[in-house]
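Structure first, commentary second.
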Amino acid sequence: MRDLEANVLSGAEETKLQYDYIEKAKQYVQEREKLAGRKLTCCVKTFGCQMNARDSEKLLGILTDIGYIETEDEHADFVIYNTCTVRENANNKVYGRLGYLSNYKKKNPHMMIALCGCMMQEPTVVEKIRKSYRFVNLIFGTHNIYKFAELLCRSMESDSMIVDIWKDTDKIVEDLPIKRKYPFKSGVNIMFGCNNFCSYCIVPYVRGRERSREPKDIIREIEGLVADGVCEVMLLGQNVNSYGKNLEHPVTFAQLLREVNQIEGLKRIRFMTSHPKDLSDDLILAMKECDKVCRHMHLPLQSGSSRILKIMNRHYDKEQYLTLVKKLRDAIPDIALTTDIIVGFPGETEEDFQETLDVVRQVQYDSAFTFIYSKRTGTPAAAMENQVNPLEVKEHFDLLLKEVQQISAQKAMELEGRVMEVLAEEQNEQDDSLITGRLSNNSVVHFPGTVDMIGKLFMVKLTECRGFYYLGEIVADV
Ligand code: SAH
Ligand code: SF4
Ligand code: F3S
């Protein structure tokens with residue numbers, strides 16, 4: 001693994017260099033097309049979070065720029081897995097699917113296979129792939145993803161596996177090609193990395209230190225997106241509430257939200273993820289005042305037990321979390337709250353688990369992602385001796401899931417019959433007479449409509465609640 005970046009180019013020089021490699025790669029693709037007698041296809045698979053998905057759009061931007069045709073089919077000529085390693089099962093999925101890819105490659109001599117993303121930042125993973133998955137052409141990590149065009153060229157010039165992983169980077173490279181999955185909405189990175197080191201979490205080790213983008217670069221990107229038909233953005237960072245602290249001229253996340261809210265033509269703003277320890281009163285006020293900011297806050301709890309929260313290194317306790325929730329609801333009564341919860345953290349007792357259930361009951365989350373604790377080698381929690389018995393964990397997990405689902409169904413029912421603003425997002429996959437849209441609070445609504453409505457806001461009556469989604473009908477334009 002490289003300690004330092006091999007070059008000292010500025011961000012702008014790096015962008016230019018990568019565009020030169022894009023030109024070179026175009027020629028390589030054309031040569032390969034001639035040999036194959038057809039266009040070549042590419043398939044990008046995402047295994048991780050929204051940030052990982054946004055990275056995949058960057059990979060696809062370059063691949064389609066150099067001439068590959070996008071496909072969902074993994075029998076493609078170029079397949080890249082953008083991996084995640086937050087829990088062990090994310091890793092296992094990748095190994096499982098690599099087995100299939102090896103068979104596809106035996107039948108297609110033109111096929112190239114690449115691996116990137118968080119899992120590749122773990123030296124043991126790369127060793128295993130070098131030894132047991134020798135058919136892989138290219139491996140790179142999270143810090144040098146902006147060098148994808150260059151790495152592609154190197155890989156196309158070589159018969160052996162190219163591996164290039166960096167330990168960290170302080171560089172942010174702007175303005176490389178991106179191909180969005182959705183025409184009307186887009187993720188926008190506002191920061192990279194994480195400095196929080198929650199004791200169970202691998203992300204800081206594989207994504208490096210926290211770096212914020214300059215507000216002007218973020219605004220310029222969003223303005224460009226809006227000009228290209230985007231009406232909703234999701235501002236992305238592992239902890240958006242600490243955005244801007246390390247910039248040369250520090251800016252807060254609340255200030256950034258207010259600036260983004262002024263972008264003409266933009267209709268909705270979402271963000272992810274908020275760490276409770278850094279959620280300021282000013283942010284709550286900004287959310288309340290900014291009309292484009294959606295009425296939804298994802299506020300990971302992780303555990304309701306103050307004792308466990310301390311060992312998790314989360315820097316808040318049960319009471320502080322509940323106080324935050326109260327402040328949010330007082331300021332924005334219709335706000336939807338969602339969360340992440342881990343069950344079975346080392347040393348978690350029945351009493352600790354009851355504390356989590358208590359918070360879940362008190363907060364009444366609109367929805368919650370529940371995870372079984374997964375031991376990540378290299379994190380402090382992995383070295384703790386009091387790992388919990390898996391059977392007990394499963395029992396707690398099932399109990400929690402039942403509780404969470406009951407509460408979210410009840411919460412969803414409360415809106416039945418109401419008329420609410422919906423952004424039309426896409427044609428329904430099963431029934432093309434329906435359009436699927438979202439409420440500001442992130443719930444899904446299906447209603448009769450046509451594709452020309454996509455990207456527009458409507459007032460929709462939620463005629464029927466079906467568990468966690470609604471059927472509706474338009475009552476007015478917005
Ligand atoms: N930055 C975000 C979370 C990113 S990871 C935050 O701090 O809230 C998404 C979720 O995965 C976390 O909220 C946590 O609930 C879960 N997670 C992270 N590490 C985990 C582990 N080792 N085992 C189980 N779940 C984990
Ligand atoms: Fe992981 Fe904590 Fe950082 Fe979230 S804030 S990515 S849970 S270390
Ligand atoms: Fe996974 Fe990396 Fe995201 S580990 S959750 S893809 S930051």
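Ordering of the structure tokens sets the chain letters (A, B, ...); residue numbers start at 1 within each chain; ligands are numbered from 1 in the order shown.
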DSSP-assigned strand (DSSP E) members of segment 195-395 of chain A, reported as a short mmCIF file (atom, residue, chain, number, x, y, z; two decimals) with N, CA, C and O atoms, in the first residue's frame:
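Listed below is the output, out.cif:
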data_model
loop_
_atom_site.label_atom_id
_atom_site.label_comp_id
_atom_site.auth_asym_id
_atom_site.auth_seq_id
_atom_site.Cartn_x
_atom_site.Cartn_y
_atom_site.Cartn_z
N ARG A 211 -12.52 15.34 4.81
CA ARG A 211 -12.17 16.47 3.93
C ARG A 211 -13.46 17.06 3.40
O ARG A 211 -14.30 16.33 2.88
N SER A 212 -13.62 18.38 3.52
CA SER A 212 -14.83 19.03 2.99
C SER A 212 -14.53 19.68 1.65
O SER A 212 -13.43 20.20 1.45
N GLU A 232 -33.88 17.45 -7.31
CA GLU A 232 -33.64 17.08 -5.90
C GLU A 232 -32.18 16.66 -5.72
O GLU A 232 -31.66 15.86 -6.50
N VAL A 233 -31.53 17.20 -4.69
CA VAL A 233 -30.18 16.75 -4.39
C VAL A 233 -30.13 16.14 -2.98
O VAL A 233 -30.87 16.54 -2.09
N MET A 234 -29.24 15.18 -2.84
CA MET A 234 -28.96 14.59 -1.53
C MET A 234 -27.52 14.93 -1.20
O MET A 234 -26.60 14.45 -1.88
N LEU A 235 -27.31 15.79 -0.20
CA LEU A 235 -25.95 16.18 0.18
C LEU A 235 -25.34 15.05 1.00
O LEU A 235 -25.93 14.61 2.00
N LEU A 236 -24.19 14.57 0.58
CA LEU A 236 -23.64 13.35 1.16
C LEU A 236 -22.37 13.54 1.96
O LEU A 236 -21.45 14.25 1.52
N ARG A 268 -35.90 20.27 -4.10
CA ARG A 268 -35.78 19.58 -2.81
C ARG A 268 -34.32 19.33 -2.44
O ARG A 268 -33.49 19.03 -3.30
N ILE A 269 -34.07 19.42 -1.13
CA ILE A 269 -32.73 19.14 -0.60
C ILE A 269 -32.85 18.08 0.49
O ILE A 269 -33.65 18.24 1.42
N ARG A 270 -32.08 17.04 0.35
CA ARG A 270 -31.98 16.03 1.42
C ARG A 270 -30.52 15.95 1.84
O ARG A 270 -29.64 16.43 1.12
N PHE A 271 -30.25 15.32 2.97
CA PHE A 271 -28.85 15.13 3.36
C PHE A 271 -28.71 13.89 4.21
O PHE A 271 -29.66 13.40 4.80
N MET A 272 -27.48 13.38 4.25
CA MET A 272 -27.21 12.12 4.92
C MET A 272 -25.70 12.05 5.15
O MET A 272 -24.97 12.33 4.22
N HIS A 296 -37.32 15.52 6.81
CA HIS A 296 -36.82 14.19 7.15
C HIS A 296 -35.43 14.32 7.74
O HIS A 296 -34.59 15.04 7.21
N MET A 297 -35.21 13.61 8.83
CA MET A 297 -33.87 13.59 9.42
C MET A 297 -33.50 12.14 9.74
O MET A 297 -34.22 11.46 10.45
N HIS A 298 -32.38 11.70 9.15
CA HIS A 298 -31.87 10.37 9.50
C HIS A 298 -30.86 10.60 10.62
O HIS A 298 -29.83 11.25 10.42
N ALA A 336 -40.07 13.71 9.72
CA ALA A 336 -39.98 12.26 9.85
C ALA A 336 -38.60 11.93 10.39
O ALA A 336 -37.60 12.52 9.97
N LEU A 337 -38.55 11.00 11.33
CA LEU A 337 -37.26 10.61 11.91
C LEU A 337 -36.97 9.15 11.58
O LEU A 337 -37.82 8.28 11.78
N THR A 338 -35.78 8.91 11.05
CA THR A 338 -35.35 7.54 10.81
C THR A 338 -34.00 7.33 11.47
O THR A 338 -33.34 8.29 11.87
N THR A 339 -33.60 6.07 11.61
CA THR A 339 -32.38 5.81 12.39
C THR A 339 -31.69 4.50 11.99
O THR A 339 -32.23 3.72 11.21
N ASP A 340 -30.49 4.32 12.52
CA ASP A 340 -29.75 3.05 12.41
C ASP A 340 -29.52 2.53 13.84
O ASP A 340 -29.16 3.32 14.72
N ILE A 341 -29.70 1.24 14.01
CA ILE A 341 -29.47 0.64 15.34
C ILE A 341 -28.65 -0.63 15.19
O ILE A 341 -28.89 -1.44 14.29
N ILE A 342 -27.68 -0.79 16.07
CA ILE A 342 -26.87 -2.01 16.08
C ILE A 342 -27.26 -2.87 17.28
O ILE A 342 -27.35 -2.36 18.40
N VAL A 343 -27.50 -4.15 17.04
CA VAL A 343 -27.82 -5.08 18.13
C VAL A 343 -26.64 -6.03 18.32
O VAL A 343 -26.09 -6.54 17.33
N SER A 367 -39.03 5.10 10.33
CA SER A 367 -38.46 3.79 9.98
C SER A 367 -37.07 3.68 10.57
O SER A 367 -36.48 4.70 10.96
N ALA A 368 -36.59 2.44 10.66
CA ALA A 368 -35.28 2.24 11.27
C ALA A 368 -34.57 1.08 10.59
O ALA A 368 -35.18 0.06 10.28
N PHE A 369 -33.28 1.28 10.31
CA PHE A 369 -32.46 0.18 9.81
C PHE A 369 -31.82 -0.49 11.01
O PHE A 369 -31.16 0.17 11.82
N THR A 370 -32.03 -1.80 11.12
CA THR A 370 -31.48 -2.51 12.27
C THR A 370 -30.39 -3.47 11.76
O THR A 370 -30.57 -4.14 10.74
N PHE A 371 -29.27 -3.49 12.47
CA PHE A 371 -28.15 -4.32 12.03
C PHE A 371 -27.68 -5.19 13.19
O PHE A 371 -27.65 -4.74 14.34
N ILE A 372 -27.26 -6.41 12.85
CA ILE A 372 -26.59 -7.24 13.84
C ILE A 372 -25.12 -6.81 13.84
O ILE A 372 -24.53 -6.65 12.77
#
Fewer than 4 positions away in the same chain doesn't count, so skip those; otherwise give me all residues within 10 Å of segment 315-320 of chain A, counting only C-alpha atoms, as a VMD selection string.
chain A and resid 196 198 275 to 278 301 303 to 311 324 to 326 355 to 356 358 to 359
Within 7 Å of ligand 1 (counting only C-alpha atoms and all ligand atoms), which residues show up? I'd like them as a PyMOL selection string.
chain A and resi 86-87+200-202+238-239+273-275+299-300+302+340-342+371-376
Nearest to ligand 2, chosen from A:Glu70, A:Asp159, A:Asp77, A:Glu210, with only C-alpha atoms and all ligand atoms counted in the distances
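Distance minimum relative to ligand 2 lands on A:Glu210.
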At what distance in Å, to one decimal, does atom CA of Asp168 of chain A lie from atom CA of Asn144 of chain A?
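So the answer is 8.8 Å.
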Excluding Phe197 of chain A and its own-chain neighbours fewer than 3 positions away, which residues fall within 9 Å of it when counting only C-alpha atoms? Please give them as a list in words.
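Those residues are Cys194, Tyr200, Cys201, Ile202, Val203, Pro204, Tyr205, Met312, Asn313, Arg314 and Thr379 of chain A.
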Expected file contents, prior selection, C-alpha atoms, as a PDB file, in the first residue's frame:
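Output saved as out-v1.pdb:
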ATOM      1  CA  CYS A 194     -14.687  10.339   8.629  1.00  0.00           C
ATOM      2  CA  TYR A 200     -17.336  -0.730  15.870  1.00  0.00           C
ATOM      3  CA  CYS A 201     -16.875   1.025  12.535  1.00  0.00           C
ATOM      4  CA  ILE A 202     -14.383   0.388   9.722  1.00  0.00           C
ATOM      5  CA  VAL A 203     -15.311   3.435   7.622  1.00  0.00           C
ATOM      6  CA  PRO A 204     -12.639   5.852   8.985  1.00  0.00           C
ATOM      7  CA  TYR A 205      -9.974   3.252   8.181  1.00  0.00           C
ATOM      8  CA  MET A 312     -19.095   2.901  21.059  1.00  0.00           C
ATOM      9  CA  ASN A 313     -17.347   6.306  21.252  1.00  0.00           C
ATOM     10  CA  ARG A 314     -20.470   8.119  20.050  1.00  0.00           C
ATOM     11  CA  THR A 379     -11.550  -1.672  15.012  1.00  0.00           C
TER      12      THR A 379
END
Would you list the contacts of Tyr81 of chain A as number ranges by chain, taking every protein, DNA or RNA residue within 12 Å and counting only C-alpha atoms, but skipping same-chain residues closer than 3 positions in sequence?
A: 42-48, 52-53, 55-56, 59-60, 74, 78, 84, 90-91, 93-95, 97-98, 101, 112-120, 136-141
Please give the complete set of residues from segment 191-236 of chain A that DSSP, run on the backbone, assigns to helix (DSSP H, G or I), formatted as a list in words.
Val203, Pro204, Tyr205, Val206, Arg207, Pro215, Lys216, Asp217, Ile218, Ile219, Arg220, Glu221, Ile222, Glu223, Gly224, Leu225, Val226 and Ala227 of chain A
Spatial neighbours of Pro448 of chain A, max dist 9 Å, only C-alpha atoms, sep filter under 2 positions, as a ChimeraX atom specification
/A:432-436,446,450,472-474
Next, the residues of the selection above should be written as a PDB file, in the first residue's frame with all heavy atoms.
ATOM      1  N   ASP A 432     -47.543   0.674 -15.665  1.00  0.00           N
ATOM      2  CA  ASP A 432     -47.080   1.917 -16.288  1.00  0.00           C
ATOM      3  C   ASP A 432     -48.149   3.012 -16.339  1.00  0.00           C
ATOM      4  O   ASP A 432     -47.914   4.090 -16.872  1.00  0.00           O
ATOM      5  CB  ASP A 432     -46.429   1.673 -17.649  1.00  0.00           C
ATOM      6  CG  ASP A 432     -47.369   1.049 -18.648  1.00  0.00           C
ATOM      7  OD1 ASP A 432     -48.576   1.032 -18.369  1.00  0.00           O
ATOM      8  OD2 ASP A 432     -46.892   0.578 -19.709  1.00  0.00           O
ATOM      9  N   SER A 433     -49.341   2.739 -15.778  1.00  0.00           N
ATOM     10  CA  SER A 433     -50.326   3.824 -15.668  1.00  0.00           C
ATOM     11  C   SER A 433     -50.083   4.620 -14.380  1.00  0.00           C
ATOM     12  O   SER A 433     -50.723   5.626 -14.121  1.00  0.00           O
ATOM     13  CB  SER A 433     -51.754   3.263 -15.664  1.00  0.00           C
ATOM     14  OG  SER A 433     -52.003   2.619 -14.433  1.00  0.00           O
ATOM     15  N   LEU A 434     -49.137   4.127 -13.567  1.00  0.00           N
ATOM     16  CA  LEU A 434     -48.861   4.794 -12.281  1.00  0.00           C
ATOM     17  C   LEU A 434     -47.498   5.485 -12.298  1.00  0.00           C
ATOM     18  O   LEU A 434     -46.558   5.016 -12.935  1.00  0.00           O
ATOM     19  CB  LEU A 434     -48.856   3.766 -11.140  1.00  0.00           C
ATOM     20  CG  LEU A 434     -50.158   3.072 -10.796  1.00  0.00           C
ATOM     21  CD1 LEU A 434     -49.922   2.083  -9.653  1.00  0.00           C
ATOM     22  CD2 LEU A 434     -51.240   4.071 -10.400  1.00  0.00           C
ATOM     23  N   ILE A 435     -47.433   6.587 -11.558  1.00  0.00           N
ATOM     24  CA  ILE A 435     -46.168   7.276 -11.344  1.00  0.00           C
ATOM     25  C   ILE A 435     -45.802   7.076  -9.875  1.00  0.00           C
ATOM     26  O   ILE A 435     -46.678   7.089  -8.998  1.00  0.00           O
ATOM     27  CB  ILE A 435     -46.326   8.787 -11.665  1.00  0.00           C
ATOM     28  CG1 ILE A 435     -46.502   8.979 -13.166  1.00  0.00           C
ATOM     29  CG2 ILE A 435     -45.152   9.616 -11.133  1.00  0.00           C
ATOM     30  CD1 ILE A 435     -45.274   8.675 -14.022  1.00  0.00           C
ATOM     31  N   THR A 436     -44.531   6.866  -9.623  1.00  0.00           N
ATOM     32  CA  THR A 436     -44.075   6.710  -8.244  1.00  0.00           C
ATOM     33  C   THR A 436     -43.397   8.011  -7.815  1.00  0.00           C
ATOM     34  O   THR A 436     -42.556   8.541  -8.534  1.00  0.00           O
ATOM     35  CB  THR A 436     -43.085   5.540  -8.141  1.00  0.00           C
ATOM     36  OG1 THR A 436     -43.773   4.356  -8.530  1.00  0.00           O
ATOM     37  CG2 THR A 436     -42.564   5.369  -6.720  1.00  0.00           C
ATOM     38  N   HIS A 446     -47.712   5.921  -4.907  1.00  0.00           N
ATOM     39  CA  HIS A 446     -47.999   5.586  -6.305  1.00  0.00           C
ATOM     40  C   HIS A 446     -49.317   6.237  -6.680  1.00  0.00           C
ATOM     41  O   HIS A 446     -50.308   6.106  -5.943  1.00  0.00           O
ATOM     42  CB  HIS A 446     -48.111   4.076  -6.488  1.00  0.00           C
ATOM     43  CG  HIS A 446     -46.918   3.326  -5.980  1.00  0.00           C
ATOM     44  ND1 HIS A 446     -45.702   3.353  -6.602  1.00  0.00           N
ATOM     45  CD2 HIS A 446     -46.760   2.547  -4.868  1.00  0.00           C
ATOM     46  CE1 HIS A 446     -44.844   2.607  -5.919  1.00  0.00           C
ATOM     47  NE2 HIS A 446     -45.460   2.114  -4.855  1.00  0.00           N
ATOM     48  N   THR A 450     -48.595  10.316 -15.867  1.00  0.00           N
ATOM     49  CA  THR A 450     -47.845  10.042 -17.096  1.00  0.00           C
ATOM     50  C   THR A 450     -46.397  10.517 -16.945  1.00  0.00           C
ATOM     51  O   THR A 450     -46.106  11.362 -16.085  1.00  0.00           O
ATOM     52  CB  THR A 450     -48.497  10.781 -18.287  1.00  0.00           C
ATOM     53  OG1 THR A 450     -48.792  12.117 -17.872  1.00  0.00           O
ATOM     54  CG2 THR A 450     -49.769  10.089 -18.737  1.00  0.00           C
ATOM     55  N   GLY A 472     -52.304   7.004  -4.101  1.00  0.00           N
ATOM     56  CA  GLY A 472     -52.850   8.356  -4.011  1.00  0.00           C
ATOM     57  C   GLY A 472     -53.435   8.835  -5.307  1.00  0.00           C
ATOM     58  O   GLY A 472     -53.439   8.119  -6.316  1.00  0.00           O
ATOM     59  N   GLU A 473     -54.003  10.041  -5.262  1.00  0.00           N
ATOM     60  CA  GLU A 473     -54.461  10.682  -6.499  1.00  0.00           C
ATOM     61  C   GLU A 473     -54.185  12.181  -6.434  1.00  0.00           C
ATOM     62  O   GLU A 473     -54.288  12.791  -5.369  1.00  0.00           O
ATOM     63  CB  GLU A 473     -55.937  10.384  -6.762  1.00  0.00           C
ATOM     64  CG  GLU A 473     -56.841  10.720  -5.609  1.00  0.00           C
ATOM     65  CD  GLU A 473     -58.203  10.032  -5.737  1.00  0.00           C
ATOM     66  OE1 GLU A 473     -58.229   8.840  -6.135  1.00  0.00           O
ATOM     67  OE2 GLU A 473     -59.211  10.687  -5.451  1.00  0.00           O
ATOM     68  N   ILE A 474     -53.834  12.730  -7.611  1.00  0.00           N
ATOM     69  CA  ILE A 474     -53.474  14.148  -7.660  1.00  0.00           C
ATOM     70  C   ILE A 474     -54.717  14.998  -7.418  1.00  0.00           C
ATOM     71  O   ILE A 474     -55.767  14.737  -7.990  1.00  0.00           O
ATOM     72  CB  ILE A 474     -52.879  14.500  -9.034  1.00  0.00           C
ATOM     73  CG1 ILE A 474     -51.572  13.745  -9.233  1.00  0.00           C
ATOM     74  CG2 ILE A 474     -52.642  16.011  -9.165  1.00  0.00           C
ATOM     75  CD1 ILE A 474     -50.832  14.066 -10.492  1.00  0.00           C
TER      76      ILE A 474
END
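With only C-alpha atoms and all ligand atoms as the atoms that count, the residue of A:Asp217, A:Glu14, A:Glu88, A:Asp352 with the shortest distance to ligand 3 is A:Glu88.
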Among A:Met51, A:Ile165, A:Val419, A:Leu40, Asn108 of chain A is approached most closely, using only C-alpha atoms, by A:Leu40
Shell around segment 403-410 of chain A at 6 Å using only C-alpha atoms, local window under 3 positions removed, as a JSON list (two decimals) with N, CA, C and O atoms, in the first residue's frame:
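Dumped everything to out19.json:
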[["chain", "number", "residue", "atom", "x", "y", "z"],
["A", 366, "ASP", "N", -40.14, 6.81, 12.12],
["A", 366, "ASP", "CA", -40.89, 6.52, 10.90],
["A", 366, "ASP", "C", -40.35, 5.27, 10.23],
["A", 366, "ASP", "O", -41.09, 4.53, 9.61],
["A", 367, "SER", "N", -39.03, 5.10, 10.33],
["A", 367, "SER", "CA", -38.46, 3.79, 9.98],
["A", 367, "SER", "C", -37.07, 3.68, 10.57],
["A", 367, "SER", "O", -36.48, 4.70, 10.96],
["A", 400, "LEU", "N", -36.57, -6.42, 18.22],
["A", 400, "LEU", "CA", -36.42, -5.02, 17.84],
["A", 400, "LEU", "C", -37.08, -4.76, 16.48],
["A", 400, "LEU", "O", -37.82, -3.78, 16.30],
["A", 413, "MET", "N", -49.83, 5.10, 8.86],
["A", 413, "MET", "CA", -51.30, 5.19, 8.86],
["A", 413, "MET", "C", -51.79, 6.60, 9.21],
["A", 413, "MET", "O", -52.83, 7.04, 8.74],
["A", 467, "GLY", "N", -49.07, -0.32, 4.37],
["A", 467, "GLY", "CA", -47.87, -0.60, 5.16],
["A", 467, "GLY", "C", -46.92, 0.57, 5.11],
["A", 467, "GLY", "O", -47.14, 1.58, 5.76]]
Which value, in Å to one decimal, gives the distance between atom CA of Gln387 of chain A and atom CA of Ser199 of chain A?
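Answer for the atom CA of Gln387 of chain A to atom CA of Ser199 of chain A separation: 13.5 Å.
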